[in-house]
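The data block below is model_35.cif; it holds mmCIF, C-alpha atoms; chains and numbers go by the auth columns.
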data_final
#
loop_
_atom_site.group_PDB
_atom_site.id
_atom_site.type_symbol
_atom_site.label_atom_id
_atom_site.label_comp_id
_atom_site.label_asym_id
_atom_site.label_seq_id
_atom_site.Cartn_x
_atom_site.Cartn_y
_atom_site.Cartn_z
_atom_site.B_iso_or_equiv
_atom_site.auth_seq_id
_atom_site.auth_asym_id
ATOM 1 C CA MET A 1 4.107 -6.755 -10.599 0.00 874 A
ATOM 2 C CA ASP A 2 0.911 -8.813 -10.801 0.00 875 A
ATOM 3 C CA THR A 3 -0.416 -9.341 -14.336 0.00 876 A
ATOM 4 C CA GLU A 4 -3.857 -8.009 -13.406 0.00 877 A
ATOM 5 C CA LEU A 5 -2.369 -4.872 -11.881 0.00 878 A
ATOM 6 C CA ARG A 6 -0.158 -4.272 -14.918 0.00 879 A
ATOM 7 C CA ALA A 7 -3.181 -4.614 -17.199 0.00 880 A
ATOM 8 C CA LEU A 8 -5.173 -2.169 -15.076 0.00 881 A
ATOM 9 C CA LEU A 9 -2.390 0.403 -15.209 0.00 882 A
ATOM 10 C CA GLN A 10 -2.218 0.053 -18.995 0.00 883 A
ATOM 11 C CA GLN A 11 -5.983 0.585 -19.198 0.00 884 A
ATOM 12 C CA THR A 12 -5.800 3.731 -17.083 0.00 885 A
ATOM 13 C CA ASP A 13 -2.928 5.016 -19.240 0.00 886 A
ATOM 14 C CA SER A 14 -5.158 4.610 -22.302 0.00 887 A
ATOM 15 C CA LEU A 15 -8.068 6.311 -20.557 0.00 888 A
ATOM 16 C CA LYS A 16 -5.859 9.211 -19.508 0.00 889 A
ATOM 17 C CA SER A 17 -4.665 9.657 -23.091 0.00 890 A
ATOM 18 C CA ARG A 18 -8.254 9.533 -24.284 0.00 891 A
ATOM 19 C CA LEU A 19 -9.267 12.099 -21.690 0.00 892 A
ATOM 20 C CA GLN A 20 -6.662 14.522 -23.019 0.00 893 A
ATOM 21 C CA THR A 21 -8.037 14.284 -26.574 0.00 894 A
ATOM 22 C CA ILE A 22 -11.709 14.832 -25.729 0.00 895 A
ATOM 23 C CA ARG A 23 -13.116 18.091 -27.057 0.00 896 A
ATOM 24 C CA PRO A 24 -13.576 20.273 -23.984 0.00 897 A
ATOM 25 C CA LEU A 25 -17.092 21.042 -22.845 0.00 898 A
ATOM 26 C CA PRO A 26 -18.153 24.593 -21.975 0.00 899 A
ATOM 27 C CA ALA A 27 -16.617 25.561 -18.632 0.00 900 A
ATOM 28 C CA GLU A 28 -19.976 25.753 -16.846 0.00 901 A
ATOM 29 C CA ALA A 29 -20.969 22.223 -17.855 0.00 902 A
ATOM 30 C CA LEU A 30 -17.538 20.802 -17.022 0.00 903 A
ATOM 31 C CA ASN A 31 -17.515 22.481 -13.613 0.00 904 A
ATOM 32 C CA LYS A 32 -20.919 20.981 -12.791 0.00 905 A
ATOM 33 C CA ILE A 33 -19.710 17.484 -13.685 0.00 906 A
ATOM 34 C CA LYS A 34 -16.581 17.879 -11.577 0.00 907 A
ATOM 35 C CA ALA A 35 -18.622 19.302 -8.687 0.00 908 A
ATOM 36 C CA ALA A 36 -20.898 16.251 -8.778 0.00 909 A
ATOM 37 C CA PHE A 37 -17.890 13.922 -8.663 0.00 910 A
ATOM 38 C CA GLU A 38 -16.428 15.870 -5.760 0.00 911 A
ATOM 39 C CA MET A 39 -19.697 15.761 -3.817 0.00 912 A
ATOM 40 C CA GLU A 40 -19.922 11.996 -4.275 0.00 913 A
ATOM 41 C CA TYR A 41 -16.333 11.725 -3.089 0.00 914 A
ATOM 42 C CA THR A 42 -17.111 13.720 0.069 0.00 915 A
ATOM 43 C CA PHE A 43 -20.179 11.574 0.728 0.00 916 A
ATOM 44 C CA GLU A 44 -18.418 8.235 0.182 0.00 917 A
ATOM 45 C CA SER A 45 -15.233 9.132 2.075 0.00 918 A
ATOM 46 C CA ASN A 46 -17.241 10.258 5.087 0.00 919 A
ATOM 47 C CA ARG A 47 -19.519 7.216 4.795 0.00 920 A
ATOM 48 C CA ILE A 48 -16.487 4.938 5.139 0.00 921 A
ATOM 49 C CA GLU A 49 -15.876 6.562 8.525 0.00 922 A
ATOM 50 C CA GLY A 50 -19.479 6.151 9.703 0.00 923 A
ATOM 51 C CA ASN A 51 -21.052 9.468 8.712 0.00 924 A
ATOM 52 C CA THR A 52 -24.785 8.856 8.147 0.00 925 A
ATOM 53 C CA LEU A 53 -25.595 11.832 5.894 0.00 926 A
ATOM 54 C CA THR A 54 -26.995 10.704 2.540 0.00 927 A
ATOM 55 C CA LEU A 55 -25.559 12.038 -0.722 0.00 928 A
ATOM 56 C CA GLN A 56 -28.469 14.466 -1.051 0.00 929 A
ATOM 57 C CA GLU A 57 -28.116 15.602 2.563 0.00 930 A
ATOM 58 C CA THR A 58 -24.368 16.060 2.097 0.00 931 A
ATOM 59 C CA ALA A 59 -25.033 18.309 -0.895 0.00 932 A
ATOM 60 C CA LEU A 60 -27.624 20.351 1.020 0.00 933 A
ATOM 61 C CA VAL A 61 -25.244 20.848 3.944 0.00 934 A
ATOM 62 C CA VAL A 62 -22.281 21.819 1.759 0.00 935 A
ATOM 63 C CA ASN A 63 -24.033 23.864 -0.929 0.00 936 A
ATOM 64 C CA GLU A 64 -27.029 25.318 0.898 0.00 937 A
ATOM 65 C CA GLY A 65 -25.871 25.449 4.499 0.00 938 A
ATOM 66 C CA ILE A 66 -28.981 23.507 5.527 0.00 939 A
ATOM 67 C CA THR A 67 -29.086 21.742 8.889 0.00 940 A
ATOM 68 C CA ILE A 68 -30.367 18.178 8.653 0.00 941 A
ATOM 69 C CA GLY A 69 -32.635 17.125 11.515 0.00 942 A
ATOM 70 C CA GLY A 70 -31.500 14.112 13.495 0.00 943 A
ATOM 71 C CA LYS A 71 -27.891 14.422 12.342 0.00 944 A
ATOM 72 C CA SER A 72 -25.081 15.477 14.665 0.00 945 A
ATOM 73 C CA MET A 73 -23.130 18.712 14.336 0.00 946 A
ATOM 74 C CA THR A 74 -19.990 16.637 13.804 0.00 947 A
ATOM 75 C CA GLU A 75 -21.534 14.969 10.760 0.00 948 A
ATOM 76 C CA HIS A 76 -22.383 18.391 9.330 0.00 949 A
ATOM 77 C CA LEU A 77 -18.840 19.641 9.945 0.00 950 A
ATOM 78 C CA GLU A 78 -17.343 16.513 8.398 0.00 951 A
ATOM 79 C CA ALA A 79 -19.199 17.243 5.161 0.00 952 A
ATOM 80 C CA ILE A 80 -18.275 20.934 5.101 0.00 953 A
ATOM 81 C CA ASN A 81 -14.653 20.298 6.082 0.00 954 A
ATOM 82 C CA HIS A 82 -14.153 17.596 3.495 0.00 955 A
ATOM 83 C CA ALA A 83 -15.542 19.771 0.717 0.00 956 A
ATOM 84 C CA GLN A 84 -13.155 22.545 1.740 0.00 957 A
ATOM 85 C CA ALA A 85 -10.267 20.081 1.864 0.00 958 A
ATOM 86 C CA ILE A 86 -11.029 19.081 -1.740 0.00 959 A
ATOM 87 C CA GLU A 87 -10.731 22.724 -2.789 0.00 960 A
ATOM 88 C CA PHE A 88 -7.410 22.866 -0.959 0.00 961 A
ATOM 89 C CA ILE A 89 -5.915 19.810 -2.684 0.00 962 A
ATOM 90 C CA LYS A 90 -7.135 21.083 -6.064 0.00 963 A
ATOM 91 C CA ASP A 91 -5.231 24.322 -5.475 0.00 964 A
ATOM 92 C CA ILE A 92 -2.108 22.431 -4.362 0.00 965 A
ATOM 93 C CA ALA A 93 -2.329 20.073 -7.351 0.00 966 A
ATOM 94 C CA CYS A 94 -2.253 23.038 -9.737 0.00 967 A
ATOM 95 C CA SER A 95 0.788 24.579 -8.062 0.00 968 A
ATOM 96 C CA ASP A 96 4.432 23.606 -7.737 0.00 969 A
ATOM 97 C CA ILE A 97 4.063 22.967 -4.010 0.00 970 A
ATOM 98 C CA ALA A 98 5.659 19.668 -3.025 0.00 971 A
ATOM 99 C CA ILE A 99 3.849 17.025 -1.015 0.00 972 A
ATOM 100 C CA ASN A 100 5.497 16.996 2.395 0.00 973 A
ATOM 101 C CA GLU A 101 4.642 16.723 6.079 0.00 974 A
ATOM 102 C CA ARG A 102 3.367 20.283 6.173 0.00 975 A
ATOM 103 C CA THR A 103 0.949 19.579 3.309 0.00 976 A
ATOM 104 C CA ILE A 104 -0.362 16.496 5.107 0.00 977 A
ATOM 105 C CA LYS A 105 -0.845 18.399 8.355 0.00 978 A
ATOM 106 C CA GLU A 106 -2.701 21.171 6.526 0.00 979 A
ATOM 107 C CA ILE A 107 -5.087 18.650 4.981 0.00 980 A
ATOM 108 C CA HIS A 108 -5.686 17.100 8.385 0.00 981 A
ATOM 109 C CA ALA A 109 -6.265 20.498 9.998 0.00 982 A
ATOM 110 C CA LEU A 110 -9.070 21.121 7.501 0.00 983 A
ATOM 111 C CA ILE A 111 -10.626 17.718 8.193 0.00 984 A
ATOM 112 C CA LEU A 112 -10.828 18.307 11.957 0.00 985 A
ATOM 113 C CA HIS A 113 -11.615 22.038 11.798 0.00 986 A
ATOM 114 C CA GLY A 114 -14.239 22.852 14.411 0.00 987 A
ATOM 115 C CA ILE A 115 -14.362 19.198 15.484 0.00 988 A
ATOM 116 C CA ASN A 116 -11.146 18.805 17.475 0.00 989 A
ATOM 117 C CA LYS A 117 -9.223 22.064 17.721 0.00 990 A
ATOM 118 C CA GLU A 118 -6.495 20.604 19.946 0.00 991 A
ATOM 119 C CA GLN A 119 -5.615 17.784 17.551 0.00 992 A
ATOM 120 C CA ALA A 120 -6.246 19.365 14.149 0.00 993 A
ATOM 121 C CA GLY A 121 -3.054 19.272 12.098 0.00 994 A
ATOM 122 C CA LYS A 122 -0.990 17.788 14.939 0.00 995 A
ATOM 123 C CA TYR A 123 0.621 14.387 15.280 0.00 996 A
ATOM 124 C CA ARG A 124 -0.766 12.282 18.104 0.00 997 A
ATOM 125 C CA GLU A 125 1.150 12.139 21.379 0.00 998 A
ATOM 126 C CA VAL A 126 -0.374 8.913 22.679 0.00 999 A
ATOM 127 C CA PRO A 127 -0.395 5.271 21.544 0.00 1000 A
ATOM 128 C CA VAL A 128 -3.474 4.046 19.657 0.00 1001 A
ATOM 129 C CA MET A 129 -5.109 0.812 18.599 0.00 1002 A
ATOM 130 C CA ILE A 130 -7.394 0.333 15.591 0.00 1003 A
ATOM 131 C CA VAL A 131 -10.655 -1.404 16.416 0.00 1004 A
ATOM 132 C CA GLY A 132 -11.080 -4.597 14.402 0.00 1005 A
ATOM 133 C CA SER A 133 -7.497 -4.642 13.111 0.00 1006 A
ATOM 134 C CA ARG A 134 -4.487 -6.762 14.020 0.00 1007 A
ATOM 135 C CA HIS A 135 -2.214 -3.928 12.951 0.00 1008 A
ATOM 136 C CA THR A 136 -0.853 -1.799 15.778 0.00 1009 A
ATOM 137 C CA PRO A 137 0.329 1.648 14.629 0.00 1010 A
ATOM 138 C CA PRO A 138 3.773 2.770 15.811 0.00 1011 A
ATOM 139 C CA GLN A 139 4.231 4.386 19.187 0.00 1012 A
ATOM 140 C CA HIS A 140 3.781 8.139 19.140 0.00 1013 A
ATOM 141 C CA TYR A 141 7.502 8.826 19.635 0.00 1014 A
ATOM 142 C CA LEU A 142 8.220 6.972 16.374 0.00 1015 A
ATOM 143 C CA ILE A 143 5.816 9.029 14.274 0.00 1016 A
ATOM 144 C CA ILE A 144 8.232 11.811 13.324 0.00 1017 A
ATOM 145 C CA PRO A 145 11.044 9.515 12.089 0.00 1018 A
ATOM 146 C CA GLN A 146 8.552 7.270 10.299 0.00 1019 A
ATOM 147 C CA MET A 147 6.876 10.240 8.620 0.00 1020 A
ATOM 148 C CA GLU A 148 10.274 11.529 7.527 0.00 1021 A
ATOM 149 C CA GLN A 149 11.075 8.126 6.018 0.00 1022 A
ATOM 150 C CA PHE A 150 7.629 8.033 4.426 0.00 1023 A
ATOM 151 C CA ILE A 151 8.353 11.247 2.521 0.00 1024 A
ATOM 152 C CA ILE A 152 11.802 9.958 1.501 0.00 1025 A
ATOM 153 C CA ASP A 153 10.282 6.720 0.184 0.00 1026 A
ATOM 154 C CA TYR A 154 7.662 8.697 -1.744 0.00 1027 A
ATOM 155 C CA GLN A 155 10.334 10.900 -3.307 0.00 1028 A
ATOM 156 C CA THR A 156 12.373 7.820 -4.207 0.00 1029 A
ATOM 157 C CA MET A 157 9.382 6.278 -5.989 0.00 1030 A
ATOM 158 C CA GLN A 158 8.991 9.491 -7.972 0.00 1031 A
ATOM 159 C CA SER A 159 12.653 9.641 -8.933 0.00 1032 A
ATOM 160 C CA LYS A 160 12.491 6.022 -10.129 0.00 1033 A
ATOM 161 C CA GLY A 161 9.544 6.828 -12.366 0.00 1034 A
ATOM 162 C CA GLU A 162 7.013 4.547 -10.670 0.00 1035 A
ATOM 163 C CA HIS A 163 3.502 4.655 -12.114 0.00 1036 A
ATOM 164 C CA PRO A 164 1.493 7.593 -10.624 0.00 1037 A
ATOM 165 C CA ILE A 165 -1.333 5.290 -9.506 0.00 1038 A
ATOM 166 C CA LEU A 166 1.115 3.112 -7.573 0.00 1039 A
ATOM 167 C CA ILE A 167 2.580 6.197 -5.915 0.00 1040 A
ATOM 168 C CA ALA A 168 -0.909 7.495 -5.047 0.00 1041 A
ATOM 169 C CA ALA A 169 -1.824 4.105 -3.559 0.00 1042 A
ATOM 170 C CA PHE A 170 1.463 4.053 -1.623 0.00 1043 A
ATOM 171 C CA LEU A 171 0.761 7.489 -0.135 0.00 1044 A
ATOM 172 C CA HIS A 172 -2.673 6.354 1.044 0.00 1045 A
ATOM 173 C CA ASN A 173 -1.532 2.966 2.313 0.00 1046 A
ATOM 174 C CA GLU A 174 1.535 4.097 4.228 0.00 1047 A
ATOM 175 C CA LEU A 175 -0.071 7.133 5.868 0.00 1048 A
ATOM 176 C CA VAL A 176 -2.890 4.979 7.220 0.00 1049 A
ATOM 177 C CA LYS A 177 -0.327 2.445 8.429 0.00 1050 A
ATOM 178 C CA ILE A 178 1.612 5.063 10.388 0.00 1051 A
ATOM 179 C CA HIS A 179 -1.692 6.507 11.668 0.00 1052 A
ATOM 180 C CA PRO A 180 -0.022 9.772 12.731 0.00 1053 A
ATOM 181 C CA PHE A 181 -3.185 11.501 13.931 0.00 1054 A
ATOM 182 C CA ILE A 182 -5.681 10.756 16.691 0.00 1055 A
ATOM 183 C CA ASP A 183 -8.563 10.892 14.214 0.00 1056 A
ATOM 184 C CA GLY A 184 -9.095 11.624 10.539 0.00 1057 A
ATOM 185 C CA ASN A 185 -6.307 9.394 9.203 0.00 1058 A
ATOM 186 C CA GLY A 186 -8.512 7.679 6.619 0.00 1059 A
ATOM 187 C CA ARG A 187 -9.971 10.865 5.163 0.00 1060 A
ATOM 188 C CA THR A 188 -6.545 12.534 5.134 0.00 1061 A
ATOM 189 C CA SER A 189 -4.994 9.528 3.374 0.00 1062 A
ATOM 190 C CA ARG A 190 -7.668 9.443 0.693 0.00 1063 A
ATOM 191 C CA LEU A 191 -7.270 13.183 0.123 0.00 1064 A
ATOM 192 C CA LEU A 192 -3.500 12.772 -0.115 0.00 1065 A
ATOM 193 C CA MET A 193 -4.011 10.000 -2.679 0.00 1066 A
ATOM 194 C CA ASN A 194 -6.281 12.262 -4.717 0.00 1067 A
ATOM 195 C CA LEU A 195 -3.944 15.214 -4.401 0.00 1068 A
ATOM 196 C CA TYR A 196 -1.248 13.184 -6.129 0.00 1069 A
ATOM 197 C CA LEU A 197 -3.631 11.826 -8.767 0.00 1070 A
ATOM 198 C CA LEU A 198 -4.903 15.326 -9.581 0.00 1071 A
ATOM 199 C CA SER A 199 -1.343 16.639 -9.845 0.00 1072 A
ATOM 200 C CA LYS A 200 -0.638 13.957 -12.467 0.00 1073 A
ATOM 201 C CA GLY A 201 -3.665 14.709 -14.637 0.00 1074 A
ATOM 202 C CA TYR A 202 -6.158 12.185 -13.277 0.00 1075 A
ATOM 203 C CA ILE A 203 -9.595 13.026 -11.911 0.00 1076 A
ATOM 204 C CA ILE A 204 -11.032 12.660 -8.420 0.00 1077 A
ATOM 205 C CA THR A 205 -11.128 8.971 -7.528 0.00 1078 A
ATOM 206 C CA THR A 206 -13.744 7.763 -5.076 0.00 1079 A
ATOM 207 C CA LEU A 207 -13.425 4.691 -2.890 0.00 1080 A
ATOM 208 C CA LYS A 208 -16.978 3.577 -2.125 0.00 1081 A
ATOM 209 C CA GLY A 209 -18.386 3.446 1.407 0.00 1082 A
ATOM 210 C CA ASP A 210 -21.171 0.868 1.094 0.00 1083 A
ATOM 211 C CA ASN A 211 -20.813 -2.227 3.269 0.00 1084 A
ATOM 212 C CA GLU A 212 -19.365 -4.527 0.594 0.00 1085 A
ATOM 213 C CA ALA A 213 -16.906 -1.963 -0.751 0.00 1086 A
ATOM 214 C CA LYS A 214 -15.856 -0.877 2.732 0.00 1087 A
ATOM 215 C CA GLN A 215 -15.162 -4.479 3.731 0.00 1088 A
ATOM 216 C CA ALA A 216 -12.997 -4.997 0.646 0.00 1089 A
ATOM 217 C CA TYR A 217 -11.171 -1.736 1.384 0.00 1090 A
ATOM 218 C CA TYR A 218 -10.398 -2.612 4.999 0.00 1091 A
ATOM 219 C CA THR A 219 -9.460 -6.185 4.103 0.00 1092 A
ATOM 220 C CA ALA A 220 -6.950 -4.960 1.516 0.00 1093 A
ATOM 221 C CA LEU A 221 -5.441 -2.483 3.985 0.00 1094 A
ATOM 222 C CA GLU A 222 -5.257 -5.169 6.685 0.00 1095 A
ATOM 223 C CA LYS A 223 -3.424 -7.547 4.343 0.00 1096 A
ATOM 224 C CA SER A 224 -0.971 -4.804 3.446 0.00 1097 A
ATOM 225 C CA HIS A 225 -0.337 -3.739 7.013 0.00 1098 A
ATOM 226 C CA THR A 226 -0.122 -7.154 8.665 0.00 1099 A
ATOM 227 C CA GLU A 227 1.321 -9.300 5.845 0.00 1100 A
ATOM 228 C CA ASN A 228 3.314 -6.619 4.007 0.00 1101 A
ATOM 229 C CA ASN A 229 1.406 -7.516 0.842 0.00 1102 A
ATOM 230 C CA ARG A 230 0.316 -4.334 -0.923 0.00 1103 A
ATOM 231 C CA GLU A 231 -0.928 -5.993 -4.112 0.00 1104 A
ATOM 232 C CA ALA A 232 -4.613 -6.240 -3.137 0.00 1105 A
ATOM 233 C CA PHE A 233 -4.750 -2.603 -2.062 0.00 1106 A
ATOM 234 C CA TYR A 234 -2.949 -1.388 -5.163 0.00 1107 A
ATOM 235 C CA LEU A 235 -5.414 -3.383 -7.277 0.00 1108 A
ATOM 236 C CA LEU A 236 -8.334 -1.829 -5.408 0.00 1109 A
ATOM 237 C CA VAL A 237 -7.033 1.695 -5.991 0.00 1110 A
ATOM 238 C CA ALA A 238 -6.211 1.047 -9.663 0.00 1111 A
ATOM 239 C CA ASN A 239 -9.713 -0.340 -10.206 0.00 1112 A
ATOM 240 C CA ALA A 240 -11.237 2.722 -8.566 0.00 1113 A
ATOM 241 C CA VAL A 241 -9.172 5.059 -10.744 0.00 1114 A
ATOM 242 C CA ARG A 242 -10.212 3.194 -13.892 0.00 1115 A
ATOM 243 C CA GLN A 243 -13.894 3.224 -12.924 0.00 1116 A
ATOM 244 C CA SER A 244 -13.834 6.941 -12.115 0.00 1117 A
ATOM 245 C CA MET A 245 -12.142 7.784 -15.412 0.00 1118 A
ATOM 246 C CA GLU A 246 -14.463 5.559 -17.452 0.00 1119 A
ATOM 247 C CA ARG A 247 -17.496 7.168 -15.864 0.00 1120 A
ATOM 248 C CA TYR A 248 -16.160 10.681 -16.306 0.00 1121 A
ATOM 249 C CA ILE A 249 -15.266 10.118 -19.960 0.00 1122 A
ATOM 250 C CA GLY A 250 -18.646 8.506 -20.575 0.00 1123 A
ATOM 251 C CA ILE A 251 -20.452 11.556 -19.217 0.00 1124 A
ATOM 252 C CA VAL A 252 -18.273 14.088 -21.035 0.00 1125 A
ATOM 253 C CA GLU A 253 -18.482 12.258 -24.352 0.00 1126 A
ATOM 254 C CA GLY A 254 -22.137 11.309 -23.924 0.00 1127 A
#
Would you mind giving the structure from this file in structure tokens?
Amino acid sequence: MDTELRALLQQTDSLKSRLQTIRPLPAEALNKIKAAFEMEYTFESNRIEGNTLTLQETALVVNEGITIGGKSMTEHLEAINHAQAIEFIKDIACSDIAINERTIKEIHALILHGINKEQAGKYREVPVMIVGSRHTPPQHYLIIPQMEQFIIDYQTMQSKGEHPILIAAFLHNELVKIHPFIDGNGRTSRLLMNLYLLSKGYIITTLKGDNEAKQAYYTALEKSHTENNREAFYLLVANAVRQSMERYIGIVEG
């Protein structure tokens, strides 16, 4: 393991321990902080995929049901669906339900609800190419065996006691690589990553969607998928987890 990555994981371990010792805030205040983090996550995750709603507009759509002029219905649904998907993964994270193919399909079904009824929660049945990438996802007839192996590999990492952040990054990275759905793979992968993090006592981790951050994100994924070098992506995820935890602790303690 890279020295920088090992150091980052040690830092997040310390932050997680610190988080567990913080005197809890009143439930109402804590819920508002978590809601703000979740709204930012919805905004940034959708922004990565090209959604043009601002953070404020995203909040108005999700919380107030307001229609934003000049924005498409799809963009509105993407915000609403993602917020509902966060509620879903929070429920799953608090239960004993295992992460499996059914869980992944249920997350995806929420993401495409009302946007693409025919494809929501269903593996693609056609070949695809990713614009701007040298990585070609597997043919559609290979998706089922590759998804089965994906779950086996995930379970193996768990049984070996791999660090939770590495497992979360693996879940994100490999699902995007397989690209099992026609659309919504990125959002589903980031939700799957956060589902695992939440289940292990971490907080919502946001990968930013501004131009610089998005470029770094796609570059790290490209290196992983075309050169079989996951280090850069794992570093990116570990950094994001650390930053989210530092910010959260700073607000709660502040």
Residues matched by the PyMOL selection byres ((chain A and resi 1041) around 10) as number ranges by chain: A: 1027, 1036-1040, 1042-1046, 1062-1071, 1073, 1107, 1110-1111
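Shell of Asp886 in chain A at 12 Å, with all atoms listed in the file counted and residues fewer than 2 places along the chain excluded, is Arg879, Ala880, Leu881, Leu882, Gln883, Gln884, Leu888, Lys889, Ser890, Arg891, Leu892, Gln893, His1036, Pro1037, Ile1038, Lys1073, Gly1074, Tyr1075, Ala1111, Val1114, Arg1115, Met1118 and Glu1119 of chain A.
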Distance of CA of Thr976 in chain A from CA of Ser945 in chain A, expressed in Å to one decimal place: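 Result for CA of Ser945 in chain A versus CA of Thr976 in chain A: 28.7 Å, one decimal.
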Residues matched by the PyMOL selection byres ((chain A and resi 951) around 8) as a list of chain:residue names: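 What the PyMOL selection byres ((chain A and resi 951) around 8) grabs from the file is A:Asn919, A:Asn924, A:Thr947, A:Glu948, A:His949, A:Leu950, A:Ala952, A:Ile953, A:Asn954, A:His955, A:Ile984, A:Leu985.
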Explicit residue set for the PyMOL selection byres ((chain A and resi 992) around 10), as a ChimeraX atom specification: /A:981-982,985-986,988-991,993-998,1054-1057
Can I get C-alpha atoms for range 916-966 of chain A, as an mmCIF file, in the first residue's frame?
data_model
loop_
_atom_site.group_PDB
_atom_site.id
_atom_site.type_symbol
_atom_site.label_atom_id
_atom_site.label_comp_id
_atom_site.auth_asym_id
_atom_site.auth_seq_id
_atom_site.Cartn_x
_atom_site.Cartn_y
_atom_site.Cartn_z
ATOM 1 C CA PHE A 916 -26.056 18.523 -5.663
ATOM 2 C CA GLU A 917 -22.432 17.492 -6.258
ATOM 3 C CA SER A 918 -23.196 13.936 -7.401
ATOM 4 C CA ASN A 919 -25.719 15.204 -9.932
ATOM 5 C CA ARG A 920 -23.357 18.001 -10.992
ATOM 6 C CA ILE A 921 -20.725 15.403 -11.906
ATOM 7 C CA GLU A 922 -23.246 13.979 -14.374
ATOM 8 C CA GLY A 923 -24.086 17.361 -15.920
ATOM 9 C CA ASN A 924 -27.113 18.462 -13.898
ATOM 10 C CA THR A 925 -27.193 22.286 -13.921
ATOM 11 C CA LEU A 926 -29.298 22.908 -10.796
ATOM 12 C CA THR A 927 -27.416 25.006 -8.239
ATOM 13 C CA LEU A 928 -27.175 23.899 -4.605
ATOM 14 C CA GLN A 929 -29.920 26.349 -3.640
ATOM 15 C CA GLU A 930 -32.134 25.225 -6.523
ATOM 16 C CA THR A 931 -31.553 21.579 -5.604
ATOM 17 C CA ALA A 932 -32.707 22.307 -2.056
ATOM 18 C CA LEU A 933 -35.810 24.155 -3.280
ATOM 19 C CA VAL A 934 -36.750 21.286 -5.594
ATOM 20 C CA VAL A 935 -36.212 18.588 -2.961
ATOM 21 C CA ASN A 936 -37.528 20.359 0.138
ATOM 22 C CA GLU A 937 -40.158 22.719 -1.260
ATOM 23 C CA GLY A 938 -41.272 20.992 -4.438
ATOM 24 C CA ILE A 939 -40.556 24.191 -6.377
ATOM 25 C CA THR A 940 -40.143 24.065 -10.151
ATOM 26 C CA ILE A 941 -37.102 25.977 -11.375
ATOM 27 C CA GLY A 942 -37.647 27.906 -14.603
ATOM 28 C CA GLY A 943 -35.340 27.019 -17.462
ATOM 29 C CA LYS A 944 -34.414 23.644 -15.976
ATOM 30 C CA SER A 945 -35.556 20.356 -17.490
ATOM 31 C CA MET A 946 -37.951 17.943 -15.811
ATOM 32 C CA THR A 947 -35.175 15.345 -15.831
ATOM 33 C CA GLU A 948 -32.942 17.628 -13.773
ATOM 34 C CA HIS A 949 -35.749 18.077 -11.245
ATOM 35 C CA LEU A 950 -36.310 14.318 -11.046
ATOM 36 C CA GLU A 951 -32.589 13.665 -10.660
ATOM 37 C CA ALA A 952 -32.541 15.859 -7.554
ATOM 38 C CA ILE A 953 -35.674 14.317 -6.040
ATOM 39 C CA ASN A 954 -34.628 10.756 -6.877
ATOM 40 C CA HIS A 955 -31.156 11.163 -5.456
ATOM 41 C CA ALA A 956 -32.479 12.574 -2.195
ATOM 42 C CA GLN A 957 -34.828 9.600 -1.900
ATOM 43 C CA ALA A 958 -31.982 7.212 -2.692
ATOM 44 C CA ILE A 959 -29.987 8.708 0.198
ATOM 45 C CA GLU A 960 -32.873 7.942 2.555
ATOM 46 C CA PHE A 961 -32.897 4.399 1.199
ATOM 47 C CA ILE A 962 -29.180 3.764 1.776
ATOM 48 C CA LYS A 963 -29.435 5.266 5.270
ATOM 49 C CA ASP A 964 -32.164 2.750 6.099
ATOM 50 C CA ILE A 965 -30.133 -0.126 4.628
ATOM 51 C CA ALA A 966 -26.994 0.985 6.488
#
